[in-house]
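Visitor: File name query30.cif; file contents mmCIF, C-alpha atoms; full text below.
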data_query
#
loop_
_atom_site.label_atom_id
_atom_site.label_comp_id
_atom_site.auth_asym_id
_atom_site.auth_seq_id
_atom_site.Cartn_x
_atom_site.Cartn_y
_atom_site.Cartn_z
CA MET A 1 296.65 179.12 196.20
CA GLY A 2 293.16 180.63 196.58
CA THR A 3 290.42 179.16 198.69
CA ILE A 4 288.02 176.86 196.81
CA THR A 5 284.44 178.00 197.19
CA ARG A 6 282.35 174.88 197.52
CA GLY A 7 278.73 174.68 196.50
CA ILE A 8 276.21 171.84 196.64
CA VAL A 9 273.95 170.96 193.74
CA CYS A 10 271.36 168.20 193.36
CA ILE A 11 270.42 167.17 189.82
CA GLY A 12 267.98 164.42 188.95
CA ALA A 13 264.50 163.19 188.19
CA SER A 14 261.73 161.72 190.29
CA HIS A 15 258.08 160.74 189.98
CA GLN A 16 257.30 164.44 190.46
CA THR A 17 259.20 165.57 187.35
CA ALA A 18 259.23 162.66 184.91
CA SER A 19 257.11 159.71 183.84
CA LEU A 20 258.21 156.16 184.53
CA ALA A 21 259.12 155.68 180.87
CA SER A 22 261.41 158.71 181.10
CA ARG A 23 262.89 157.84 184.50
CA GLU A 24 263.95 154.37 183.46
CA ARG A 25 266.04 155.84 180.64
CA PHE A 26 268.45 157.37 183.12
CA ALA A 27 268.03 155.16 186.16
CA LEU A 28 271.12 155.18 188.41
CA SER A 29 270.56 151.82 190.06
CA GLY A 30 273.30 149.19 190.06
CA PRO A 31 276.59 149.86 188.27
CA ARG A 32 275.20 152.71 186.17
CA GLY A 33 275.22 155.12 189.11
CA LYS A 34 278.72 154.12 190.20
CA GLU A 35 280.09 154.44 186.68
CA LEU A 36 278.49 157.85 186.19
CA CYS A 37 279.89 159.15 189.49
CA ALA A 38 283.37 157.88 188.62
CA LYS A 39 283.19 159.65 185.27
CA LEU A 40 281.99 162.92 186.80
CA ALA A 41 284.70 162.79 189.46
CA GLU A 42 287.30 163.13 186.70
CA HIS A 43 286.24 166.76 186.16
CA ALA A 44 288.26 169.31 188.11
CA ASP A 45 285.14 171.25 189.16
CA VAL A 46 283.54 168.14 190.73
CA LEU A 47 284.94 167.92 194.25
CA GLU A 48 282.60 165.22 195.59
CA VAL A 49 279.72 163.25 194.07
CA ALA A 50 277.18 160.60 195.13
CA ALA A 51 274.24 158.98 193.35
CA LEU A 52 270.93 158.30 195.09
CA ALA A 53 268.85 155.66 193.29
CA THR A 54 265.39 154.56 194.41
CA CYS A 55 262.43 153.10 192.57
CA ASN A 56 261.12 156.62 192.01
CA ARG A 57 264.18 158.84 191.76
CA SER A 58 267.66 159.08 190.28
CA GLU A 59 269.62 162.01 191.72
CA LEU A 60 273.21 163.18 191.81
CA TYR A 61 274.50 165.16 194.80
CA ILE A 62 277.62 167.08 193.85
CA VAL A 63 279.98 169.36 195.74
CA ALA A 64 281.28 171.71 193.06
CA SER A 65 283.80 174.51 192.77
CA ASP A 66 281.65 175.96 189.97
CA ILE A 67 277.97 175.01 190.19
CA GLU A 68 277.02 176.37 186.77
CA THR A 69 279.75 174.39 185.00
CA VAL A 70 279.06 171.22 186.94
CA THR A 71 275.33 171.46 186.26
CA ARG A 72 276.00 171.51 182.52
CA ILE A 73 278.37 168.55 182.87
CA ALA A 74 275.85 166.53 184.91
CA VAL A 75 272.92 167.27 182.57
CA ALA A 76 275.08 166.20 179.61
CA ALA A 77 275.96 162.99 181.48
CA PHE A 78 272.27 162.24 182.08
CA ALA A 79 271.59 162.94 178.40
CA ARG A 80 274.23 160.42 177.34
CA LEU A 81 272.77 157.89 179.75
CA ALA A 82 269.29 158.42 178.30
CA GLU A 83 270.59 158.72 174.73
CA ALA A 84 268.77 162.04 174.48
CA ASP A 85 269.45 165.67 173.66
CA PRO A 86 270.14 167.72 176.82
CA ASP A 87 267.34 170.12 175.84
CA GLU A 88 264.90 167.20 175.91
CA LEU A 89 265.63 166.70 179.61
CA SER A 90 265.00 170.31 180.61
CA THR A 91 261.54 169.56 182.00
CA MET A 92 262.49 166.19 183.50
CA LEU A 93 265.61 167.04 185.49
CA ALA A 94 265.22 169.19 188.58
CA VAL A 95 268.25 171.28 189.58
CA ARG A 96 268.50 172.38 193.22
CA GLU A 97 271.37 174.39 194.66
CA GLU A 98 272.85 175.04 198.10
CA SER A 99 270.33 175.06 200.97
CA VAL A 100 267.48 174.08 198.64
CA ALA A 101 269.40 170.92 197.66
CA VAL A 102 270.19 170.14 201.30
CA GLU A 103 266.61 170.62 202.46
CA HIS A 104 265.39 168.49 199.56
CA LEU A 105 267.59 165.56 200.62
CA PHE A 106 266.36 165.89 204.19
CA ARG A 107 262.75 165.88 202.94
CA VAL A 108 263.53 162.73 200.95
CA ALA A 109 265.05 161.16 204.07
CA GLY A 110 261.94 162.05 206.05
CA GLY A 111 259.75 160.22 203.56
CA ILE A 112 257.69 163.20 202.40
CA GLU A 113 259.03 163.19 198.84
CA SER A 114 258.13 159.52 198.29
CA VAL A 115 255.20 158.08 196.36
CA VAL A 116 254.15 156.47 199.64
CA THR A 117 254.37 159.19 202.28
CA GLY A 118 256.55 158.03 205.15
CA GLU A 119 257.94 154.90 203.46
CA ALA A 120 260.97 153.65 205.37
CA GLN A 121 262.98 151.98 202.61
CA ILE A 122 264.64 155.29 201.75
CA GLN A 123 266.81 154.95 204.86
CA GLY A 124 268.60 151.93 203.44
CA GLN A 125 268.90 153.58 200.04
CA LEU A 126 270.53 156.65 201.60
CA ARG A 127 273.04 154.44 203.39
CA SER A 128 273.80 152.59 200.15
CA ALA A 129 274.39 155.85 198.27
CA HIS A 130 276.69 157.06 201.04
CA GLU A 131 278.61 153.78 201.23
CA ASP A 132 278.99 153.51 197.44
CA ALA A 133 280.46 157.03 197.27
CA ARG A 134 282.83 156.33 200.16
CA GLU A 135 284.05 153.08 198.58
CA ALA A 136 284.58 154.83 195.25
CA GLY A 137 286.50 157.66 196.88
CA THR A 138 284.06 160.33 195.62
CA CYS A 139 282.62 161.17 199.05
CA GLY A 140 284.50 163.91 200.90
CA PRO A 141 283.79 165.71 204.19
CA VAL A 142 280.77 167.65 202.90
CA LEU A 143 278.78 164.75 201.44
CA ASP A 144 279.86 162.53 204.31
CA ARG A 145 278.28 164.90 206.81
CA LEU A 146 275.30 165.59 204.53
CA PHE A 147 274.30 161.93 204.15
CA ARG A 148 274.94 161.11 207.80
CA ARG A 149 272.72 164.02 208.79
CA ALA A 150 270.05 162.92 206.31
CA VAL A 151 269.89 159.46 207.88
CA GLU A 152 269.62 161.04 211.34
CA ILE A 153 266.73 163.26 210.22
CA GLY A 154 265.03 160.25 208.65
CA LYS A 155 265.25 158.43 211.99
CA ARG A 156 263.88 161.44 213.86
CA ALA A 157 260.99 161.75 211.42
CA ARG A 158 259.96 158.18 212.22
CA THR A 159 260.44 158.40 215.98
CA GLU A 160 259.19 161.94 216.66
CA THR A 161 256.24 161.99 214.24
CA ARG A 162 253.66 159.53 212.91
CA ILE A 163 254.88 159.87 209.32
CA GLY A 164 255.48 156.11 209.19
CA ALA A 165 252.18 155.08 210.77
CA GLY A 166 250.53 152.05 209.22
CA HIS A 167 251.76 150.51 206.00
CA ALA A 168 254.38 152.80 204.51
CA SER A 169 256.20 151.14 201.65
CA ILE A 170 255.90 150.51 197.94
CA GLY A 171 255.69 146.83 198.79
CA SER A 172 252.65 147.35 201.01
CA VAL A 173 250.87 149.38 198.31
CA ALA A 174 251.68 146.66 195.77
CA ALA A 175 250.07 144.11 198.11
CA GLU A 176 247.05 146.37 198.50
CA LEU A 177 246.77 146.69 194.73
CA VAL A 178 246.93 142.93 194.17
CA ALA A 179 244.30 142.44 196.86
CA SER A 180 242.02 145.03 195.26
CA ARG A 181 242.07 143.07 191.99
CA ARG A 182 240.89 140.00 193.94
CA GLY A 183 237.94 141.63 195.65
CA GLY A 184 239.99 143.11 198.49
CA SER A 185 241.50 139.87 199.79
CA LEU A 186 244.60 137.77 199.20
CA ASP A 187 243.19 134.76 201.04
CA ASP A 188 244.20 131.52 199.28
CA ALA A 189 246.26 133.46 196.72
CA LEU A 190 249.52 132.18 195.26
CA VAL A 191 251.83 135.10 194.50
CA VAL A 192 255.22 134.97 192.83
CA VAL A 193 257.77 137.62 193.79
CA VAL A 194 260.46 138.04 191.14
CA GLY A 195 263.68 139.37 192.68
CA ALA A 196 265.06 138.77 196.16
CA GLY A 197 266.46 142.22 196.94
CA LYS A 198 265.18 144.68 199.53
CA MET A 199 262.09 145.62 197.54
CA GLY A 200 261.24 141.99 196.83
CA THR A 201 261.68 141.13 200.50
CA LEU A 202 259.38 143.96 201.60
CA ALA A 203 256.82 143.00 198.98
CA ALA A 204 256.83 139.36 200.11
CA LYS A 205 256.27 140.34 203.76
CA SER A 206 253.49 142.78 202.81
CA LEU A 207 251.76 140.14 200.70
CA ALA A 208 251.94 137.66 203.58
CA ALA A 209 250.55 140.27 205.97
CA ARG A 210 247.57 140.71 203.63
CA GLY A 211 246.87 136.96 203.81
CA ALA A 212 248.57 135.46 200.76
CA ARG A 213 248.47 131.67 201.14
CA ARG A 214 251.77 131.01 199.42
CA ILE A 215 254.58 133.23 198.22
CA ASP A 216 257.20 131.76 195.90
CA VAL A 217 260.30 133.85 195.16
CA ALA A 218 262.20 133.65 191.87
CA ASN A 219 265.80 134.78 191.81
CA ARG A 220 269.17 133.96 190.22
CA SER A 221 270.25 132.54 193.57
CA VAL A 222 267.70 129.92 194.57
CA GLU A 223 269.20 129.86 198.08
CA ARG A 224 268.60 133.60 198.47
CA ALA A 225 265.10 133.22 197.02
CA ALA A 226 264.29 130.47 199.53
CA ALA A 227 265.49 132.66 202.41
CA VAL A 228 263.23 135.53 201.32
CA ALA A 229 260.28 133.19 200.87
CA ALA A 230 260.81 131.76 204.36
CA SER A 231 261.15 135.23 205.92
CA SER A 232 257.83 136.39 204.48
CA GLY A 233 255.81 134.42 207.04
CA ALA A 234 253.82 132.53 204.41
CA SER A 235 254.51 129.13 202.93
CA GLY A 236 256.49 129.18 199.72
CA VAL A 237 259.74 128.17 198.07
CA GLY A 238 262.63 129.68 196.19
CA VAL A 239 262.68 128.98 192.46
CA ALA A 240 265.18 129.55 189.68
CA PHE A 241 264.44 131.92 186.81
CA ALA A 242 264.45 128.84 184.56
CA ASP A 243 261.32 127.63 186.39
CA LEU A 244 259.47 130.94 186.18
CA ASP A 245 257.24 129.85 183.26
CA ALA A 246 255.67 127.12 185.39
CA GLU A 247 255.06 129.66 188.16
CA LEU A 248 253.39 132.07 185.73
CA ALA A 249 251.03 129.33 184.64
CA SER A 250 249.86 128.53 188.17
CA CYS A 251 250.03 131.72 190.27
CA ASP A 252 247.38 134.39 190.86
CA ALA A 253 249.71 137.40 190.76
CA VAL A 254 253.31 138.42 190.15
CA VAL A 255 255.19 141.23 191.87
CA SER A 256 258.50 141.90 190.13
CA SER A 257 261.45 143.98 191.37
CA THR A 258 264.86 143.11 189.97
CA ASN A 259 267.89 145.19 189.01
CA ALA A 260 267.90 143.77 185.48
CA PRO A 261 268.68 146.38 182.79
CA HIS A 262 266.16 144.75 180.46
CA VAL A 263 262.66 143.26 180.44
CA VAL A 264 262.39 140.03 182.44
CA ILE A 265 258.80 139.13 181.58
CA GLY A 266 257.83 139.73 177.95
CA LYS A 267 254.54 139.53 176.08
CA GLU A 268 255.28 136.17 174.40
CA ARG A 269 256.07 134.62 177.78
CA ILE A 270 252.76 135.80 179.20
CA GLU A 271 250.83 134.65 176.14
CA ALA A 272 252.29 131.16 176.61
CA ALA A 273 251.41 131.20 180.32
CA MET A 274 247.82 132.29 179.66
CA ARG A 275 247.28 129.37 177.30
CA ASP A 276 247.83 127.07 180.29
CA ARG A 277 245.64 129.02 182.73
CA ALA A 278 242.23 128.02 181.41
CA GLY A 279 241.01 131.60 181.38
CA ARG A 280 242.12 132.48 184.94
CA PRO A 281 243.14 136.17 185.15
CA LEU A 282 246.68 137.21 186.06
CA VAL A 283 247.79 140.35 187.90
CA LEU A 284 251.30 141.66 187.17
CA VAL A 285 252.79 144.42 189.36
CA ASP A 286 256.11 145.93 188.24
CA LEU A 287 258.15 147.73 190.92
CA ALA A 288 261.39 147.98 188.93
CA VAL A 289 263.15 150.86 187.19
CA PRO A 290 263.90 150.09 184.39
CA ARG A 291 260.73 148.02 184.15
CA ASP A 292 260.84 144.24 184.47
CA ILE A 293 257.51 143.64 182.75
CA ASP A 294 256.81 144.64 179.16
CA PRO A 295 253.80 147.01 179.25
CA ALA A 296 252.54 145.16 176.15
CA CYS A 297 251.68 142.25 178.46
CA GLY A 298 248.56 144.23 179.34
CA GLU A 299 247.31 143.66 175.80
CA VAL A 300 246.95 139.93 176.51
CA PRO A 301 243.32 139.07 177.42
CA GLY A 302 242.91 138.41 181.14
CA VAL A 303 246.18 140.09 182.13
CA HIS A 304 246.27 143.24 184.27
CA VAL A 305 249.59 145.11 184.41
CA PHE A 306 250.44 147.79 186.96
CA ASP A 307 253.65 149.81 187.30
CA LEU A 308 255.00 152.48 189.65
CA ASP A 309 252.95 155.23 188.04
CA ASP A 310 249.80 153.20 188.76
CA LEU A 311 250.89 152.75 192.38
CA GLU A 312 251.27 156.50 192.70
CA ARG A 313 247.65 156.96 191.65
CA VAL A 314 246.54 154.36 194.20
CA VAL A 315 248.37 156.20 196.95
CA ALA A 316 246.82 159.52 195.92
CA ASP A 317 243.39 157.96 196.51
CA THR A 318 244.25 156.46 199.90
CA LEU A 319 245.91 159.20 201.95
CA ASP A 320 245.78 158.58 205.69
CA VAL A 321 247.09 159.93 208.98
CA ARG A 322 250.64 160.19 207.62
CA ALA A 323 249.62 163.24 205.57
CA GLU A 324 248.91 165.10 208.82
CA GLU A 325 252.55 164.67 209.87
CA VAL A 326 254.10 166.24 206.76
CA ASP A 327 254.35 169.71 208.35
CA ALA A 328 256.32 168.32 211.28
CA VAL A 329 258.77 166.53 208.98
CA GLU A 330 259.11 169.64 206.81
CA GLN A 331 260.17 171.57 209.91
CA LEU A 332 262.79 168.93 210.71
CA ALA A 333 264.11 169.29 207.16
CA ARG A 334 264.23 173.10 207.37
CA ASP A 335 265.98 173.08 210.73
CA GLY A 336 268.45 170.49 209.51
CA ALA A 337 269.20 172.49 206.37
CA GLU A 338 269.86 175.65 208.39
CA GLU A 339 272.15 173.77 210.78
CA PHE A 340 274.03 172.30 207.81
CA ARG A 341 274.34 175.73 206.19
CA GLN A 342 275.97 177.11 209.32
CA TRP A 343 278.37 174.17 209.48
CA LEU A 344 279.28 174.56 205.81
CA ARG A 345 279.99 178.25 206.25
CA ALA A 346 282.11 177.55 209.32
CA GLU A 347 284.04 175.01 207.26
CA ALA A 348 284.91 177.80 204.81
CA ALA A 349 287.25 179.18 207.49
CA THR A 350 289.13 175.88 207.76
CA PRO A 351 291.92 176.79 205.27
CA GLN A 352 292.63 180.05 207.14
CA ILE A 353 292.59 178.29 210.50
CA ARG A 354 294.90 175.56 209.21
CA ALA A 355 297.32 178.14 207.79
CA MET A 356 297.31 180.10 211.06
CA ARG A 357 298.01 176.99 213.13
CA GLU A 358 300.71 175.73 210.76
CA ARG A 359 302.49 179.11 210.95
CA ALA A 360 302.21 179.13 214.75
CA GLU A 361 303.69 175.61 214.91
CA GLU A 362 306.58 176.62 212.66
CA LEU A 363 307.41 179.53 214.98
CA ARG A 364 307.08 177.32 218.06
CA GLN A 365 309.47 174.76 216.62
CA VAL A 366 312.03 177.41 215.70
CA GLU A 367 311.98 179.01 219.14
CA LEU A 368 311.93 175.65 220.93
CA GLU A 369 314.95 174.37 219.02
CA ARG A 370 316.82 177.62 219.68
CA PHE A 371 316.08 177.36 223.41
CA LEU A 372 316.97 173.66 223.71
CA ALA A 373 320.23 174.23 221.85
CA ARG A 374 321.39 176.35 224.81
CA MET A 375 320.00 173.94 227.42
CA THR A 376 322.39 171.06 226.71
CA HIS A 377 322.18 169.81 230.28
CA LEU A 378 318.47 168.92 229.99
CA GLY A 379 317.54 165.26 229.73
CA VAL A 380 315.07 163.65 227.34
CA GLU A 381 312.13 163.79 229.77
CA ASP A 382 312.70 167.48 230.54
CA ARG A 383 312.84 168.29 226.81
CA GLN A 384 309.56 166.44 226.27
CA ARG A 385 307.89 168.33 229.13
CA ILE A 386 308.99 171.67 227.65
CA ASP A 387 307.70 170.59 224.22
CA GLN A 388 304.31 169.73 225.72
CA LEU A 389 304.23 173.02 227.67
CA THR A 390 304.88 175.20 224.61
CA ARG A 391 302.39 173.20 222.52
CA GLY A 392 299.70 173.76 225.15
CA ILE A 393 300.44 177.49 225.34
CA VAL A 394 300.12 177.87 221.57
CA ASN A 395 296.83 175.94 221.51
CA ARG A 396 295.38 178.15 224.24
CA LEU A 397 296.49 181.30 222.45
CA LEU A 398 294.95 180.15 219.16
CA HIS A 399 291.62 179.04 220.61
CA ALA A 400 290.00 182.51 220.64
CA PRO A 401 291.06 183.55 217.11
CA THR A 402 290.00 180.12 215.80
CA MET A 403 286.49 180.57 217.20
CA GLN A 404 286.34 184.14 215.89
CA LEU A 405 287.23 182.98 212.38
CA ARG A 406 284.52 180.29 212.47
CA LYS A 407 281.87 182.69 213.74
CA ALA A 408 282.83 185.28 211.13
CA ALA A 409 282.47 182.63 208.42
CA GLU A 410 279.00 181.65 209.69
CA ARG A 411 277.86 185.29 209.44
CA THR A 412 278.99 185.75 205.82
#
Would you mind writing the file out in structure tokens?

Guide:
Amino acid sequence: MGTITRGIVCIGASHQTASLASRERFALSGPRGKELCAKLAEHADVLEVAALATCNRSELYIVASDIETVTRIAVAAFARLAEADPDELSTMLAVREESVAVEHLFRVAGGIESVVTGEAQIQGQLRSAHEDAREAGTCGPVLDRLFRRAVEIGKRARTETRIGAGHASIGSVAAELVASRRGGSLDDALVVVVGAGKMGTLAAKSLAARGARRIDVANRSVERAAAVAASSGASGVGVAFADLDAELASCDAVVSSTNAPHVVIGKERIEAAMRDRAGRPLVLVDLAVPRDIDPACGEVPGVHVFDLDDLERVVADTLDVRAEEVDAVEQLARDGAEEFRQWLRAEAATPQIRAMRERAEELRQVELERFLARMTHLGVEDRQRIDQLTRGIVNRLLHAPTMQLRKAAERT
């Protein structure tokens, strides 16, 4: 059997390559990413696969025996997910191979590929992608090391540079945006956060930090919603989705971030809420992909709707000290990618090393059995000592050629 030549490819879309409307068509959040990975893993050329889903990117990381074939398979899978022709996705899906793919993931981990430079939430999303792939059995030794290394580089970026200085999350920018629509302050504001996941939790804390008087959290689990509301630092309660209409009628702003595959807040719902608001304006901020809030809500008089694309424009206008740290994080990513490349090349020698050691063990066993067959007077302990002695000799003899094979592989 020949040696399998493994290659790494990253295929996906982000805020840099596709609009929000396009990204939500093939979002990999929730079960969609797991199902797609399971389907791809059925192909013989897909050796390992993991899906990274964030509010601004949906990417597949694949270890392939044939990168060209696997790229076609993955693009076709995205097309089916988006119900689109593969050619339509040519400008939306970025394809990165080998060291370029590795360095890209390390840049993502460092926070320099995010809408908010230096945002820290990506660390948890990397861990989730890694854990999902491990649980599904689609994460092998290459992706396991790749994602572990990415998390390490993300940590180093935040401890060795100032990339995370100040507010560095989508939630904090959402809070800033809501405040800007209220004259720069959230004092005395009542904000409803829809969704009690990580993004909703971060948004609630950011809103409280900006001075929101009360933060109510709506979620399927009222108990979970209450816990998030309490953790925000502001007063507030957990409410059921069934009570959301009453909240819409009384609040000043809504920040929504659920994993729902469909719209949660539609135009008719907002029209009904505005009839009870006596002309008071309402700010709606949508952090979800796919979107929670129907963009048509912005057509209702007095309603202001913002989504992730709008947040990106806000960030572009408010760059701060974090931008000065990008070069340092880029260097971490480059160094990490080079280190990973050397490891991957060394791993290419593993089949040869394994075969060499297996053959040496076979010979050792044959010669040991032949020797012990003549030494019938030896007891069990003596036989064990001789077994250990010969095993140690073989290991010492194989050490030098093992290292030579690994070094040769690194140079190729």

Visitor: Would you mind telling me which residue in A:Ala44, A:Leu177, A:Leu287, A:Cys10 lies nearest to Val75 (chain A) when using all atoms listed in the file?

Guide: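 Nearest to Val75 (chain A): A:Cys10.
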
Visitor: In Å, how far is it from CA of Pro281 (chain A) to CA of Ala230 (chain A)?

Guide: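 These two atoms are separated by 26.5 Å.
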
Visitor: Skipping near chain neighbours, those fewer than 2 positions away, what residues fall within 12 Å of Ile386 (chain A) using all atoms listed in the file, listed as a PDB file with C-alpha atoms, keeping the file's coordinate frame?

Guide:
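Result file is out_23.pdb:
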ATOM      1  CA  ARG A 364     307.080 177.320 218.060  1.00  0.00           C
ATOM      2  CA  GLN A 365     309.470 174.760 216.620  1.00  0.00           C
ATOM      3  CA  GLU A 367     311.980 179.010 219.140  1.00  0.00           C
ATOM      4  CA  LEU A 368     311.930 175.650 220.930  1.00  0.00           C
ATOM      5  CA  GLU A 369     314.950 174.370 219.020  1.00  0.00           C
ATOM      6  CA  PHE A 371     316.080 177.360 223.410  1.00  0.00           C
ATOM      7  CA  LEU A 372     316.970 173.660 223.710  1.00  0.00           C
ATOM      8  CA  MET A 375     320.000 173.940 227.420  1.00  0.00           C
ATOM      9  CA  LEU A 378     318.470 168.920 229.990  1.00  0.00           C
ATOM     10  CA  GLY A 379     317.540 165.260 229.730  1.00  0.00           C
ATOM     11  CA  VAL A 380     315.070 163.650 227.340  1.00  0.00           C
ATOM     12  CA  GLU A 381     312.130 163.790 229.770  1.00  0.00           C
ATOM     13  CA  ASP A 382     312.700 167.480 230.540  1.00  0.00           C
ATOM     14  CA  ARG A 383     312.840 168.290 226.810  1.00  0.00           C
ATOM     15  CA  GLN A 384     309.560 166.440 226.270  1.00  0.00           C
ATOM     16  CA  GLN A 388     304.310 169.730 225.720  1.00  0.00           C
ATOM     17  CA  LEU A 389     304.230 173.020 227.670  1.00  0.00           C
ATOM     18  CA  THR A 390     304.880 175.200 224.610  1.00  0.00           C
ATOM     19  CA  ARG A 391     302.390 173.200 222.520  1.00  0.00           C
ATOM     20  CA  GLY A 392     299.700 173.760 225.150  1.00  0.00           C
ATOM     21  CA  ILE A 393     300.440 177.490 225.340  1.00  0.00           C
TER      22      ILE A 393
END

Visitor: With distances taken over only C-alpha atoms, which of A:Pro86, A:Gly211, A:Gly140, A:Gly171 is nearest to Val115 (chain A)?

Guide: A:Gly171

Visitor: I want to know what sits within 6 Å of Leu28 (chain A), based on all atoms listed in the file, with residues of the same chain fewer than 3 positions away left out; could you give that as a list in words?

Guide: Arg32, Gly33, Ala53 and Ser58 of chain A

Visitor: Looking at only C-alpha atoms, which of A:Gly30, A:Pro401, A:Gly184, A:Pro295 is the one that sits closest to Gln125 (chain A)?

Guide: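 Counting only C-alpha atoms, the residue closest to Gln125 (chain A) is A:Gly30.
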
Visitor: So how many Å separate CA of Arg181 (chain A) and CA of Ala227 (chain A), to one decimal?

Guide: 27.7 Å

Visitor: Find the residues around Asp310 (chain A) up to 12 Å (all atoms listed in the file counted), leave out those fewer than 3 positions away in its own chain, and share them as a short mmCIF file (atom, residue, chain, number, x, y, z; two decimals) with C-alpha atoms, in the coordinates of the input.

Guide:
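Heads up, here's the output in around.cif:
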data_model
loop_
_atom_site.label_atom_id
_atom_site.label_comp_id
_atom_site.auth_asym_id
_atom_site.auth_seq_id
_atom_site.Cartn_x
_atom_site.Cartn_y
_atom_site.Cartn_z
CA HIS A 15 258.08 160.74 189.98
CA SER A 19 257.11 159.71 183.84
CA LEU A 20 258.21 156.16 184.53
CA VAL A 115 255.20 158.08 196.36
CA ILE A 170 255.90 150.51 197.94
CA VAL A 173 250.87 149.38 198.31
CA ALA A 174 251.68 146.66 195.77
CA LEU A 177 246.77 146.69 194.73
CA VAL A 178 246.93 142.93 194.17
CA LEU A 284 251.30 141.66 187.17
CA VAL A 285 252.79 144.42 189.36
CA ASP A 286 256.11 145.93 188.24
CA LEU A 287 258.15 147.73 190.92
CA HIS A 304 246.27 143.24 184.27
CA VAL A 305 249.59 145.11 184.41
CA PHE A 306 250.44 147.79 186.96
CA ASP A 307 253.65 149.81 187.30
CA ARG A 313 247.65 156.96 191.65
CA VAL A 314 246.54 154.36 194.20
CA VAL A 315 248.37 156.20 196.95
CA ALA A 316 246.82 159.52 195.92
CA ASP A 317 243.39 157.96 196.51
#

Visitor: Could you check the closest approach to Thr117 (chain A) for each of A:Ser206, A:Ser99, A:Thr161, A:Ser169 and tell me which residue wins, using all atoms listed in the file?

Guide: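 Residue with the minimum atom-to-atom distance to Thr117 (chain A): A:Ser169.
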
Visitor: Would you work out the distance separating CA of Ile73 (chain A) from CA of Ala13 (chain A), expressed in Å to one decimal?

Guide: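 Interatomic distance, CA of Ile73 (chain A) to CA of Ala13 (chain A): 15.8 Å.
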
Visitor: Would you mind listing what lies within 6 Å of Ala129 (chain A) as number ranges by chain, with only C-alpha atoms counted and same-chain residues fewer than 3 positions away left out?

Guide: A: 51-52, 126, 132

Visitor: Determine the residue membership of the PyMOL selection byres ((chain A and resi 98) around 10) for the file above and supply it as an MDAnalysis selection string.

Guide: chainID A and resid 6:10 63 67 96:97 99:103 337 341

Visitor: In terms of the shortest atom-to-atom distance over only C-alpha atoms, which of A:Ala64, A:Leu282, A:Cys55, A:Ala260 is closest to Leu190 (chain A)?

Guide: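 The shortest atom-to-atom distance to Leu190 (chain A) comes from A:Leu282.
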
Visitor: Could you spell out the hits of the PyMOL selection byres ((chain A and resi 25) around 10) on the shown file, as a list in words?

Guide: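 Residues picked by the PyMOL selection byres ((chain A and resi 25) around 10): Leu20, Ala21, Ser22, Arg23, Glu24, Phe26, Ala27, Leu28, Phe78, Ala79, Arg80, Leu81, Ala82, Glu83, Ala84, Val289 and Pro290 of chain A.
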
Visitor: Please determine, counting all atoms listed in the file, which residue among A:Glu68, A:Ile163, A:Arg158, A:His130 has the shortest atom-to-atom distance to Glu325 (chain A).

Guide: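 The answer is A:Ile163, which sits nearest to Glu325 (chain A).
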
Visitor: Axis-aligned box over every listed atom of region 140-159 of chain A, padded by 6 Å per side: centre and edges in Å to one decimal, as JSON?

Guide:
{"center_x": 272.2, "center_y": 162.9, "center_z": 208.4, "size_x": 36.5, "size_y": 21.5, "size_z": 27.1}

Visitor: Neighbours of region 134-137 of chain A within 9 Å (all atoms listed in the file; same-chain residues fewer than 6 positions away dropped), as a PyMOL selection string?

Guide: chain A and resi 34+37-38+48+50+144
